[in-house]
file coords11.cif (mmCIF, C-alpha atoms)
data_structure
loop_
_atom_site.label_atom_id
_atom_site.label_comp_id
_atom_site.auth_asym_id
_atom_site.auth_seq_id
_atom_site.Cartn_x
_atom_site.Cartn_y
_atom_site.Cartn_z
CA MET A 1 22.29 16.15 -8.87
CA VAL A 2 23.74 17.34 -5.59
CA LYS A 3 22.38 20.72 -4.56
CA GLN A 4 24.37 23.18 -2.46
CA ILE A 5 22.55 25.84 -0.48
CA THR A 6 24.03 28.73 1.49
CA ILE A 7 22.88 29.51 5.01
CA GLN A 8 23.69 32.74 6.85
CA THR A 9 23.69 32.11 10.59
CA ASN A 10 23.22 34.88 13.11
CA GLY A 11 24.20 33.51 16.51
CA ARG A 12 27.00 31.42 17.98
CA ASP A 13 24.54 28.57 18.54
CA GLU A 14 21.46 28.39 16.37
CA MET A 15 19.06 25.78 14.95
CA ILE A 16 17.73 26.83 11.53
CA ASP A 17 14.75 24.97 10.06
CA ILE A 18 15.61 23.97 6.47
CA THR A 19 12.73 21.52 5.95
CA ASN A 20 11.12 23.66 3.22
CA GLN A 21 14.37 23.79 1.25
CA VAL A 22 14.79 20.03 1.46
CA GLU A 23 11.18 19.50 0.32
CA ALA A 24 11.62 21.92 -2.59
CA TYR A 25 14.77 20.07 -3.70
CA VAL A 26 12.98 16.70 -3.65
CA LYS A 27 10.18 18.17 -5.81
CA GLU A 28 12.77 19.65 -8.23
CA GLN A 29 14.44 16.25 -8.55
CA GLY A 30 11.07 14.59 -9.13
CA VAL A 31 12.01 11.66 -6.91
CA GLN A 32 8.94 9.64 -5.93
CA GLU A 33 10.53 6.93 -3.75
CA GLY A 34 13.93 7.02 -2.13
CA ILE A 35 16.07 8.81 0.42
CA VAL A 36 17.22 12.41 0.66
CA TYR A 37 20.47 13.14 2.48
CA VAL A 38 21.03 16.48 4.17
CA TYR A 39 24.78 16.90 4.65
CA CYS A 40 26.79 19.55 6.51
CA PRO A 41 30.36 19.97 5.20
CA HIS A 42 31.52 21.88 8.32
CA THR A 43 33.12 20.49 11.50
CA THR A 44 31.59 23.06 13.87
CA ALA A 45 28.01 22.67 12.66
CA GLY A 46 25.71 19.69 12.07
CA ILE A 47 22.27 18.47 11.08
CA THR A 48 19.52 17.18 13.35
CA ILE A 49 15.83 16.36 13.17
CA ASN A 50 13.77 17.62 16.08
CA GLU A 51 10.65 19.55 17.12
CA ASN A 52 9.31 22.22 14.77
CA ALA A 53 6.57 23.62 17.00
CA ASP A 54 7.70 25.30 20.24
CA PRO A 55 10.86 27.42 19.72
CA ASP A 56 11.69 26.90 23.40
CA VAL A 57 12.83 23.38 22.50
CA LYS A 58 15.64 24.88 20.41
CA HIS A 59 16.54 27.25 23.25
CA ASP A 60 16.67 24.46 25.78
CA MET A 61 18.64 22.09 23.56
CA LEU A 62 21.29 24.69 22.69
CA MET A 63 21.49 25.80 26.35
CA ARG A 64 22.02 22.29 27.69
CA PHE A 65 24.41 21.21 24.92
CA ASP A 66 26.48 24.25 25.90
CA GLU A 67 26.57 23.16 29.52
CA VAL A 68 27.52 19.58 28.60
CA TYR A 69 30.16 20.78 26.11
CA PRO A 70 31.28 24.10 27.63
CA TRP A 71 33.01 26.78 25.56
CA GLU A 72 35.83 27.10 28.08
CA HIS A 73 37.54 24.23 29.88
CA PRO A 74 40.93 24.11 31.64
CA LYS A 75 41.89 20.91 29.78
CA TYR A 76 41.05 22.03 26.23
CA ARG A 77 44.19 22.41 24.08
CA HIS A 78 42.72 23.36 20.67
CA ALA A 79 44.10 26.86 20.09
CA GLU A 80 41.17 28.02 17.97
CA GLY A 81 39.05 27.84 21.12
CA ASN A 82 35.99 26.18 19.59
CA THR A 83 36.34 22.63 20.89
CA ALA A 84 32.76 22.77 22.16
CA SER A 85 31.53 23.28 18.60
CA HIS A 86 33.35 20.16 17.42
CA LEU A 87 31.85 18.11 20.27
CA LYS A 88 28.34 19.35 19.52
CA ALA A 89 28.80 18.64 15.79
CA SER A 90 29.79 15.00 16.43
CA THR A 91 26.94 14.61 18.91
CA VAL A 92 24.13 15.66 16.56
CA GLY A 93 25.93 14.34 13.47
CA SER A 94 27.05 15.69 10.09
CA SER A 95 24.03 14.47 8.17
CA GLN A 96 20.51 13.08 8.35
CA PRO A 97 18.65 10.91 5.85
CA VAL A 98 14.89 11.31 5.34
CA ILE A 99 12.62 8.82 3.55
CA ILE A 100 10.76 9.97 0.39
CA GLN A 101 7.40 8.28 -0.29
CA ASN A 102 5.03 9.29 -3.12
CA GLY A 103 7.21 12.32 -3.75
CA ASN A 104 6.99 13.59 -0.16
CA LEU A 105 9.29 13.50 2.87
CA ILE A 106 7.78 11.24 5.49
CA LEU A 107 8.70 13.25 8.54
CA GLY A 108 6.70 12.91 11.74
CA THR A 109 4.09 15.52 12.60
CA TRP A 110 6.43 17.49 14.85
CA GLN A 111 9.68 16.87 12.98
CA GLY A 112 11.68 19.56 11.24
CA ILE A 113 15.16 19.28 9.70
CA TYR A 114 17.61 21.66 11.34
CA PHE A 115 20.96 23.07 10.31
CA CYS A 116 22.75 23.43 13.67
CA GLU A 117 25.25 26.28 13.90
CA PHE A 118 27.66 25.80 16.79
CA ASP A 119 30.30 28.45 15.99
CA GLY A 120 28.56 31.34 14.27
CA PRO A 121 27.69 33.70 12.97
CA ARG A 122 29.05 32.42 9.66
CA THR A 123 28.06 31.83 6.05
CA ARG A 124 27.57 28.09 5.78
CA LYS A 125 26.95 25.53 3.09
CA CYS A 126 24.67 22.51 3.15
CA TYR A 127 24.35 19.73 0.55
CA PHE A 128 21.24 17.81 -0.49
CA LYS A 129 21.29 14.57 -2.46
CA THR A 130 18.57 12.08 -3.38
CA ILE A 131 18.91 8.37 -4.04
CA GLU A 132 15.96 6.74 -5.82
CA GLY A 133 14.78 3.29 -4.97
CA MET B 1 30.66 -5.09 -3.01
CA VAL B 2 31.00 -4.49 0.70
CA LYS B 3 34.62 -4.02 1.76
CA GLN B 4 35.88 -4.93 5.20
CA ILE B 5 39.03 -3.32 6.54
CA THR B 6 40.92 -4.13 9.73
CA ILE B 7 42.05 -1.38 12.09
CA GLN B 8 44.53 -1.90 14.92
CA THR B 9 43.89 0.63 17.65
CA ASN B 10 46.51 1.61 20.19
CA GLY B 11 44.77 3.50 22.97
CA ARG B 12 41.62 3.13 25.05
CA ASP B 13 40.15 6.18 23.31
CA GLU B 14 41.42 7.07 19.86
CA MET B 15 40.19 8.76 16.68
CA ILE B 16 41.79 7.22 13.58
CA ASP B 17 41.49 9.03 10.25
CA ILE B 18 40.29 6.53 7.62
CA THR B 19 39.40 9.07 4.91
CA ASN B 20 42.10 7.79 2.52
CA GLN B 21 40.82 4.23 2.80
CA VAL B 22 37.25 5.33 2.09
CA GLU B 23 38.42 7.35 -0.94
CA ALA B 24 40.44 4.42 -2.27
CA TYR B 25 37.41 2.13 -1.95
CA VAL B 26 35.20 4.56 -3.88
CA LYS B 27 37.81 4.71 -6.68
CA GLU B 28 38.03 0.88 -6.71
CA GLN B 29 34.25 0.63 -7.05
CA GLY B 30 34.29 3.21 -9.85
CA VAL B 31 31.20 4.91 -8.45
CA GLN B 32 30.74 8.36 -9.96
CA GLU B 33 27.55 9.51 -8.19
CA GLY B 34 26.08 8.08 -5.02
CA ILE B 35 26.68 7.55 -1.31
CA VAL B 36 29.37 5.67 0.55
CA TYR B 37 28.53 4.26 3.97
CA VAL B 38 31.22 3.80 6.60
CA TYR B 39 29.91 1.31 9.15
CA CYS B 40 31.36 0.14 12.49
CA PRO B 41 30.17 -3.35 13.55
CA HIS B 42 31.29 -2.87 17.18
CA THR B 43 29.28 -1.54 20.14
CA THR B 44 32.19 0.15 21.91
CA ALA B 45 33.46 2.06 18.88
CA GLY B 46 31.83 4.33 16.30
CA ILE B 47 32.30 6.55 13.26
CA THR B 48 32.30 10.34 13.16
CA ILE B 49 33.22 13.11 10.75
CA ASN B 50 35.22 15.95 12.26
CA GLU B 51 38.33 18.14 11.93
CA ASN B 52 41.37 16.74 10.11
CA ALA B 53 43.79 19.59 10.78
CA ASP B 54 44.71 20.23 14.44
CA PRO B 55 45.21 16.97 16.39
CA ASP B 56 44.30 18.85 19.57
CA VAL B 57 40.66 18.67 18.45
CA LYS B 58 40.79 14.88 18.80
CA HIS B 59 42.45 15.20 22.22
CA ASP B 60 39.83 17.63 23.45
CA MET B 61 36.88 15.66 22.10
CA LEU B 62 38.04 12.37 23.64
CA MET B 63 38.87 14.11 26.94
CA ARG B 64 35.47 15.77 27.24
CA PHE B 65 33.48 12.72 26.07
CA ASP B 66 35.26 10.84 28.85
CA GLU B 67 34.16 13.40 31.43
CA VAL B 68 30.57 13.36 30.19
CA TYR B 69 30.52 9.54 30.05
CA PRO B 70 32.95 8.57 32.82
CA TRP B 71 34.64 5.18 32.94
CA GLU B 72 33.59 4.63 36.55
CA HIS B 73 30.24 5.51 38.05
CA PRO B 74 28.57 4.26 41.25
CA LYS B 75 25.33 3.51 39.38
CA TYR B 76 26.77 1.51 36.48
CA ARG B 77 25.75 -2.18 36.64
CA HIS B 78 27.34 -3.59 33.46
CA ALA B 79 29.88 -6.10 34.78
CA GLU B 80 32.26 -5.74 31.85
CA GLY B 81 32.98 -2.21 33.09
CA ASN B 82 32.89 -0.45 29.72
CA THR B 83 29.53 1.30 29.89
CA ALA B 84 31.23 4.57 28.96
CA SER B 85 32.31 3.06 25.64
CA HIS B 86 28.74 2.09 24.80
CA LEU B 87 27.51 5.60 25.61
CA LYS B 88 30.19 7.21 23.46
CA ALA B 89 29.43 4.79 20.60
CA SER B 90 25.74 5.71 20.57
CA THR B 91 26.59 9.41 20.83
CA VAL B 92 28.84 9.58 17.76
CA GLY B 93 26.92 6.84 15.93
CA SER B 94 27.69 3.49 14.31
CA SER B 95 28.01 4.84 10.79
CA GLN B 96 28.33 7.90 8.57
CA PRO B 97 27.28 8.40 4.96
CA VAL B 98 29.31 10.60 2.63
CA ILE B 99 28.14 11.93 -0.76
CA ILE B 100 30.06 10.90 -3.91
CA GLN B 101 30.08 13.42 -6.78
CA ASN B 102 32.09 12.99 -10.00
CA GLY B 103 33.85 10.04 -8.41
CA ASN B 104 35.00 12.00 -5.35
CA LEU B 105 33.82 12.29 -1.75
CA ILE B 106 32.43 15.77 -1.19
CA LEU B 107 33.75 16.32 2.30
CA GLY B 108 34.24 19.84 3.61
CA THR B 109 37.74 21.34 3.61
CA TRP B 110 38.40 20.41 7.22
CA GLN B 111 36.44 17.17 7.37
CA GLY B 112 37.99 13.76 7.90
CA ILE B 113 36.23 10.44 8.52
CA TYR B 114 37.23 8.92 11.86
CA PHE B 115 37.01 5.43 13.29
CA CYS B 116 36.48 6.14 17.01
CA GLU B 117 37.91 3.57 19.39
CA PHE B 118 36.33 3.83 22.83
CA ASP B 119 37.54 0.57 24.43
CA GLY B 120 40.94 -0.23 22.98
CA PRO B 121 43.46 -1.24 22.19
CA ARG B 122 41.80 -3.84 19.97
CA THR B 123 41.79 -5.18 16.43
CA ARG B 124 38.65 -3.73 14.86
CA LYS B 125 36.69 -4.11 11.65
CA CYS B 126 35.03 -1.44 9.56
CA TYR B 127 32.74 -1.90 6.54
CA PHE B 128 32.44 0.31 3.46
CA LYS B 129 29.57 0.14 0.99
CA THR B 130 28.57 2.31 -1.95
CA ILE B 131 25.11 2.92 -3.37
CA GLU B 132 24.99 4.44 -6.85
CA GLY B 133 22.40 7.00 -7.82
CA MET C 1 7.78 -0.21 -0.05
CA VAL C 2 8.10 1.65 3.22
CA LYS C 3 6.88 -0.40 6.17
CA GLN C 4 5.42 1.16 9.29
CA ILE C 5 5.44 -0.77 12.53
CA THR C 6 3.81 0.15 15.83
CA ILE C 7 5.71 -0.11 19.11
CA GLN C 8 4.07 0.06 22.53
CA THR C 9 6.55 1.37 25.07
CA ASN C 10 6.20 0.77 28.79
CA GLY C 11 8.62 3.10 30.55
CA ARG C 12 9.65 6.73 30.37
CA ASP C 13 13.07 5.67 29.07
CA GLU C 14 13.37 2.34 27.33
CA MET C 15 15.49 0.65 24.66
CA ILE C 16 13.48 -1.90 22.65
CA ASP C 17 15.30 -4.36 20.41
CA ILE C 18 13.67 -4.31 16.96
CA THR C 19 16.39 -6.23 15.09
CA ASN C 20 14.09 -9.18 14.33
CA GLN C 21 11.46 -6.90 12.80
CA VAL C 22 14.06 -5.19 10.61
CA GLU C 23 15.42 -8.57 9.47
CA ALA C 24 11.92 -9.85 8.69
CA TYR C 25 11.22 -6.73 6.60
CA VAL C 26 14.42 -7.19 4.58
CA LYS C 27 13.43 -10.81 3.86
CA GLU C 28 9.92 -9.71 2.85
CA GLN C 29 11.40 -7.16 0.44
CA GLY C 30 13.75 -9.80 -0.98
CA VAL C 31 16.62 -7.33 -1.09
CA GLN C 32 19.96 -9.10 -1.50
CA GLU C 33 22.36 -6.14 -1.52
CA GLY C 34 21.68 -2.65 -0.27
CA ILE C 35 20.84 -0.60 2.79
CA VAL C 36 17.93 -0.69 5.19
CA TYR C 37 16.97 2.50 6.99
CA VAL C 38 15.29 2.38 10.38
CA TYR C 39 13.58 5.73 10.94
CA CYS C 40 11.83 7.18 14.00
CA PRO C 41 9.21 9.84 13.16
CA HIS C 42 9.07 11.16 16.76
CA THR C 43 11.08 13.98 18.36
CA THR C 44 11.25 12.44 21.83
CA ALA C 45 12.46 9.02 20.72
CA GLY C 46 15.26 7.79 18.47
CA ILE C 47 17.12 4.84 17.00
CA THR C 48 20.50 3.49 18.03
CA ILE C 49 22.63 0.40 17.46
CA ASN C 50 24.24 -1.02 20.57
CA GLU C 51 24.83 -4.15 22.66
CA ASN C 52 22.25 -6.95 22.49
CA ALA C 53 23.71 -9.22 25.19
CA ASP C 54 23.80 -7.82 28.74
CA PRO C 55 20.61 -5.86 29.58
CA ASP C 56 22.63 -3.87 32.10
CA VAL C 57 24.11 -1.92 29.19
CA LYS C 58 20.65 -0.52 28.44
CA HIS C 59 20.13 0.31 32.11
CA ASP C 60 23.46 2.12 32.34
CA MET C 61 23.02 4.03 29.09
CA LEU C 62 19.54 5.27 29.97
CA MET C 63 20.66 6.14 33.52
CA ARG C 64 23.65 8.19 32.38
CA PHE C 65 21.82 9.89 29.47
CA ASP C 66 19.29 10.99 32.08
CA GLU C 67 22.02 12.52 34.25
CA VAL C 68 23.62 14.30 31.29
CA TYR C 69 20.22 15.53 30.04
CA PRO C 70 18.20 15.86 33.27
CA TRP C 71 14.42 15.88 33.27
CA GLU C 72 14.31 19.04 35.38
CA HIS C 73 16.56 22.06 34.96
CA PRO C 74 16.11 25.65 36.19
CA LYS C 75 16.91 27.05 32.72
CA TYR C 76 14.55 24.88 30.66
CA ARG C 77 11.71 26.94 29.13
CA HIS C 78 9.80 24.31 27.12
CA ALA C 79 6.39 24.20 28.81
CA GLU C 80 5.72 20.57 27.93
CA GLY C 81 8.52 19.64 30.34
CA ASN C 82 10.22 17.02 28.17
CA THR C 83 13.29 18.90 26.96
CA ALA C 84 15.48 16.03 28.13
CA SER C 85 13.72 13.71 25.67
CA HIS C 86 14.46 16.03 22.77
CA LEU C 87 18.13 16.23 23.76
CA LYS C 88 18.42 12.45 24.01
CA ALA C 89 16.66 12.01 20.64
CA SER C 90 19.14 14.30 18.86
CA THR C 91 22.06 12.61 20.63
CA VAL C 92 21.28 9.05 19.51
CA GLY C 93 19.71 10.20 16.23
CA SER C 94 16.41 9.78 14.39
CA SER C 95 17.55 6.90 12.21
CA GLN C 96 20.20 4.28 11.55
CA PRO C 97 21.19 2.61 8.28
CA VAL C 98 22.31 -1.03 8.22
CA ILE C 99 24.10 -2.75 5.32
CA ILE C 100 22.39 -5.73 3.61
CA GLN C 101 24.69 -8.37 2.09
CA ASN C 102 23.49 -11.66 0.55
CA GLY C 103 20.03 -10.90 1.90
CA ASN C 104 21.20 -10.48 5.51
CA LEU C 105 21.90 -7.52 7.76
CA ILE C 106 25.62 -7.34 8.45
CA LEU C 107 25.44 -6.29 12.07
CA GLY C 108 28.34 -7.02 14.40
CA THR C 109 28.14 -9.99 16.76
CA TRP C 110 26.93 -7.90 19.68
CA GLN C 111 24.90 -5.33 17.76
CA GLY C 112 21.14 -4.95 18.03
CA ILE C 113 18.95 -2.19 16.58
CA TYR C 114 17.08 -0.32 19.29
CA PHE C 115 14.02 1.90 19.29
CA CYS C 116 14.81 4.35 22.10
CA GLU C 117 11.81 5.69 24.01
CA PHE C 118 12.67 8.85 25.91
CA ASP C 119 9.18 10.11 26.87
CA GLY C 120 6.96 7.09 27.37
CA PRO C 121 4.99 5.12 27.83
CA ARG C 122 3.46 5.81 24.41
CA THR C 123 2.32 4.05 21.25
CA ARG C 124 5.04 4.82 18.72
CA LYS C 125 5.66 4.33 15.03
CA CYS C 126 8.83 3.31 13.26
CA TYR C 127 9.52 3.19 9.50
CA PHE C 128 11.70 0.74 7.57
CA LYS C 129 12.88 1.30 4.01
CA THR C 130 15.33 -0.56 1.79
CA ILE C 131 17.45 0.80 -1.04
CA GLU C 132 18.94 -1.81 -3.38
CA GLY C 133 22.39 -1.44 -4.81
#
call {"tool": "encode", "arguments": {"input": "coords11.cif", "output": "structure tokens"}}
result
Amino acid sequence: MVKQITIQTNGRDEMIDITNQVEAYVKEQGVQEGIVYVYCPHTTAGITINENADPDVKHDMLMRFDEVYPWEHPKYRHAEGNTASHLKASTVGSSQPVIIQNGNLILGTWQGIYFCEFDGPRTRKCYFKTIEG
Amino acid sequence: MVKQITIQTNGRDEMIDITNQVEAYVKEQGVQEGIVYVYCPHTTAGITINENADPDVKHDMLMRFDEVYPWEHPKYRHAEGNTASHLKASTVGSSQPVIIQNGNLILGTWQGIYFCEFDGPRTRKCYFKTIEG
Amino acid sequence: MVKQITIQTNGRDEMIDITNQVEAYVKEQGVQEGIVYVYCPHTTAGITINENADPDVKHDMLMRFDEVYPWEHPKYRHAEGNTASHLKASTVGSSQPVIIQNGNLILGTWQGIYFCEFDGPRTRKCYFKTIEG
């Protein structure tokens, strides 16, 4: 069963830790061995796995991504004005798979799963799906 | 069954919407619930999921990726001269998974699946594979 | 069965070809059709698929990633000083799936699977997992 969750974002750029929700879904499904997919159905947001300890990592990543993919650029044509969000989304990716072993996600010690908002604040959706095996 | 499709690209950098081909493959396979993988076997091309509405998004993304990963650089050593293509390929990624629910891809409203050419024009291959579950 | 391998890295930034280890794991598992996931449980390293022929590609990629995500930046706050590594990890991604067909990985001619060290030298772990189907 695919699960859809709703995420309310609060900033233009924001990394929201959804690891607990992914873990709860895997427990609900009762999957012991397999893969869980975390999928973002938006084109100006994405999913990444990165550090869950020092919040300054999120600050620094969002700051530098915004310099590399600036909000304004003389050569952008997209009238909606959020080209940077699309670039950031394709850079981090629309989804991430995580391995399930003995009913648990096998993330590294410092890894958290992040929903990455790149054009907020908005009400967003995120899908979870397990595959057993 | 893995399916291989052929894609003729026309520009050096190009994003080609292959969503319809992925959907047709999933119907052919008759998979109701699972994952479909879209895989690029080339190192100077990749797969991404991004906006399917305004073509200016593709223009802007390819333009800015080319500034971030320029075609010429005094420190590049790779004699073939296409280092930028390799950088872009690793940035967007070699593959994307999409969730199948009730026999359909559950893409977001504005999401399309793109084969990204970064060193064309060439005749390219792309693989599709489903996993049920 | 998930397999964990250990990788000793030797440089701060390094791309280590682990294709042979992934292939050996797939043979061990005896999986004929499916997917193998290559997963990095670290937040300052990642996995990518790119060229396995000219080593200058690796040089150029690591050189340019380091310019795009510089080691030092006046606006970085992360006290550990390795923000660049986190940015590079999210750019290439924490994992890569590869399709298995007739018991073999179907990589492209020039594709190798790389463990990407972005904050070495360190002793790292990498997980492999197959899903049949």
call {"tool": "closest_atom_pairs", "arguments": {"input": "coords11.cif", "of": "chain B", "to": "chain A", "cutoff": "7 Å", "atoms": "only C-alpha atoms", "output": "CSV"}}
result
residue,atom,partner,partner_atom,distance
B:Thr48,CA,A:Ser90,CA,6.2
B:Ile49,CA,A:Ser94,CA,6.7
B:Asn50,CA,A:Thr43,CA,5.1
B:Glu51,CA,A:Thr43,CA,5.7
B:Asp56,CA,A:His78,CA,4.9
B:Val57,CA,A:His78,CA,5.6
B:Asp60,CA,A:Tyr76,CA,5.3
B:Met61,CA,A:Leu87,CA,5.9
B:Thr91,CA,A:Thr91,CA,5.6
B:Val92,CA,A:Thr91,CA,5.5
B:Leu107,CA,A:Pro41,CA,5.8
B:Gly108,CA,A:Pro41,CA,4.2
B:Trp110,CA,A:Thr43,CA,6.8
B:Gln111,CA,A:Thr43,CA,6.3
B:Gly133,CA,A:Ile131,CA,5.3
call {"tool": "residues_around", "arguments": {"input": "coords11.cif", "residues": "region 8-12 of chain B", "least_positions_apart": "2", "cutoff": "6 Å", "atoms": "only C-alpha atoms", "output": "ChimeraX atom specification"}}
result
/B:14,118-123
call {"tool": "atom_distance", "arguments": {"input": "coords11.cif", "atom1": "CA of Gly103 (chain A)", "atom2": "CA of Lys3 (chain C)"}}
result
16.1 Å
call {"tool": "closest_residue", "arguments": {"input": "coords11.cif", "among": "B:Ile5, B:Ala24, B:Ile100, B:Met15", "to": "Tyr114 (chain B)", "atoms": "all atoms listed in the file"}}
result
B:Met15
call {"tool": "closest_residue", "arguments": {"input": "coords11.cif", "among": "C:Leu62, C:Cys116, C:Ile99, C:Ile47", "to": "Val31 (chain C)", "atoms": "only C-alpha atoms"}}
result
C:Ile99
call {"tool": "atom_distance", "arguments": {"input": "coords11.cif", "atom1": "CA of Asp13 (chain C)", "atom2": "CA of Arg64 (chain C)"}}
result
11.4 Å
call {"tool": "atom_distance", "arguments": {"input": "coords11.cif", "atom1": "CA of Glu67 (chain C)", "atom2": "CA of Pro74 (chain A)"}}
result
22.3 Å
call {"tool": "residues_around", "arguments": {"input": "coords11.cif", "residues": "Asn102 (chain C)", "least_positions_apart": "6", "cutoff": "10 Å", "atoms": "all atoms listed in the file", "output": "list in words"}}
result
Val31, Gln32, Glu33 and Gly34 of chain C
call {"tool": "closest_residue", "arguments": {"input": "coords11.cif", "among": "B:Thr6, B:Gly46, B:Ile18, B:Trp71", "to": "Glu117 (chain B)", "atoms": "all atoms listed in the file"}}
result
B:Gly46
call {"tool": "resolve_selection", "arguments": {"input": "coords11.cif", "expression": "the PyMOL selection byres ((chain C and resi 20) around 12)", "output": "mmCIF file with C-alpha atoms, in the frame of the given file"}}
result
data_model
loop_
_atom_site.group_PDB
_atom_site.id
_atom_site.type_symbol
_atom_site.label_atom_id
_atom_site.label_comp_id
_atom_site.auth_asym_id
_atom_site.auth_seq_id
_atom_site.Cartn_x
_atom_site.Cartn_y
_atom_site.Cartn_z
ATOM 1 C CA ILE C 16 13.480 -1.900 22.650
ATOM 2 C CA ASP C 17 15.300 -4.360 20.410
ATOM 3 C CA ILE C 18 13.670 -4.310 16.960
ATOM 4 C CA THR C 19 16.390 -6.230 15.090
ATOM 5 C CA GLN C 21 11.460 -6.900 12.800
ATOM 6 C CA VAL C 22 14.060 -5.190 10.610
ATOM 7 C CA GLU C 23 15.420 -8.570 9.470
ATOM 8 C CA ALA C 24 11.920 -9.850 8.690
ATOM 9 C CA TYR C 25 11.220 -6.730 6.600
ATOM 10 C CA VAL C 26 14.420 -7.190 4.580
ATOM 11 C CA LYS C 27 13.430 -10.810 3.860
ATOM 12 C CA ASN C 52 22.250 -6.950 22.490
ATOM 13 C CA ASN C 104 21.200 -10.480 5.510
ATOM 14 C CA LEU C 105 21.900 -7.520 7.760
ATOM 15 C CA LEU C 107 25.440 -6.290 12.070
ATOM 16 C CA GLN C 111 24.900 -5.330 17.760
ATOM 17 C CA GLY C 112 21.140 -4.950 18.030
ATOM 18 C CA ILE C 113 18.950 -2.190 16.580
ATOM 19 C CA TYR C 114 17.080 -0.320 19.290
#
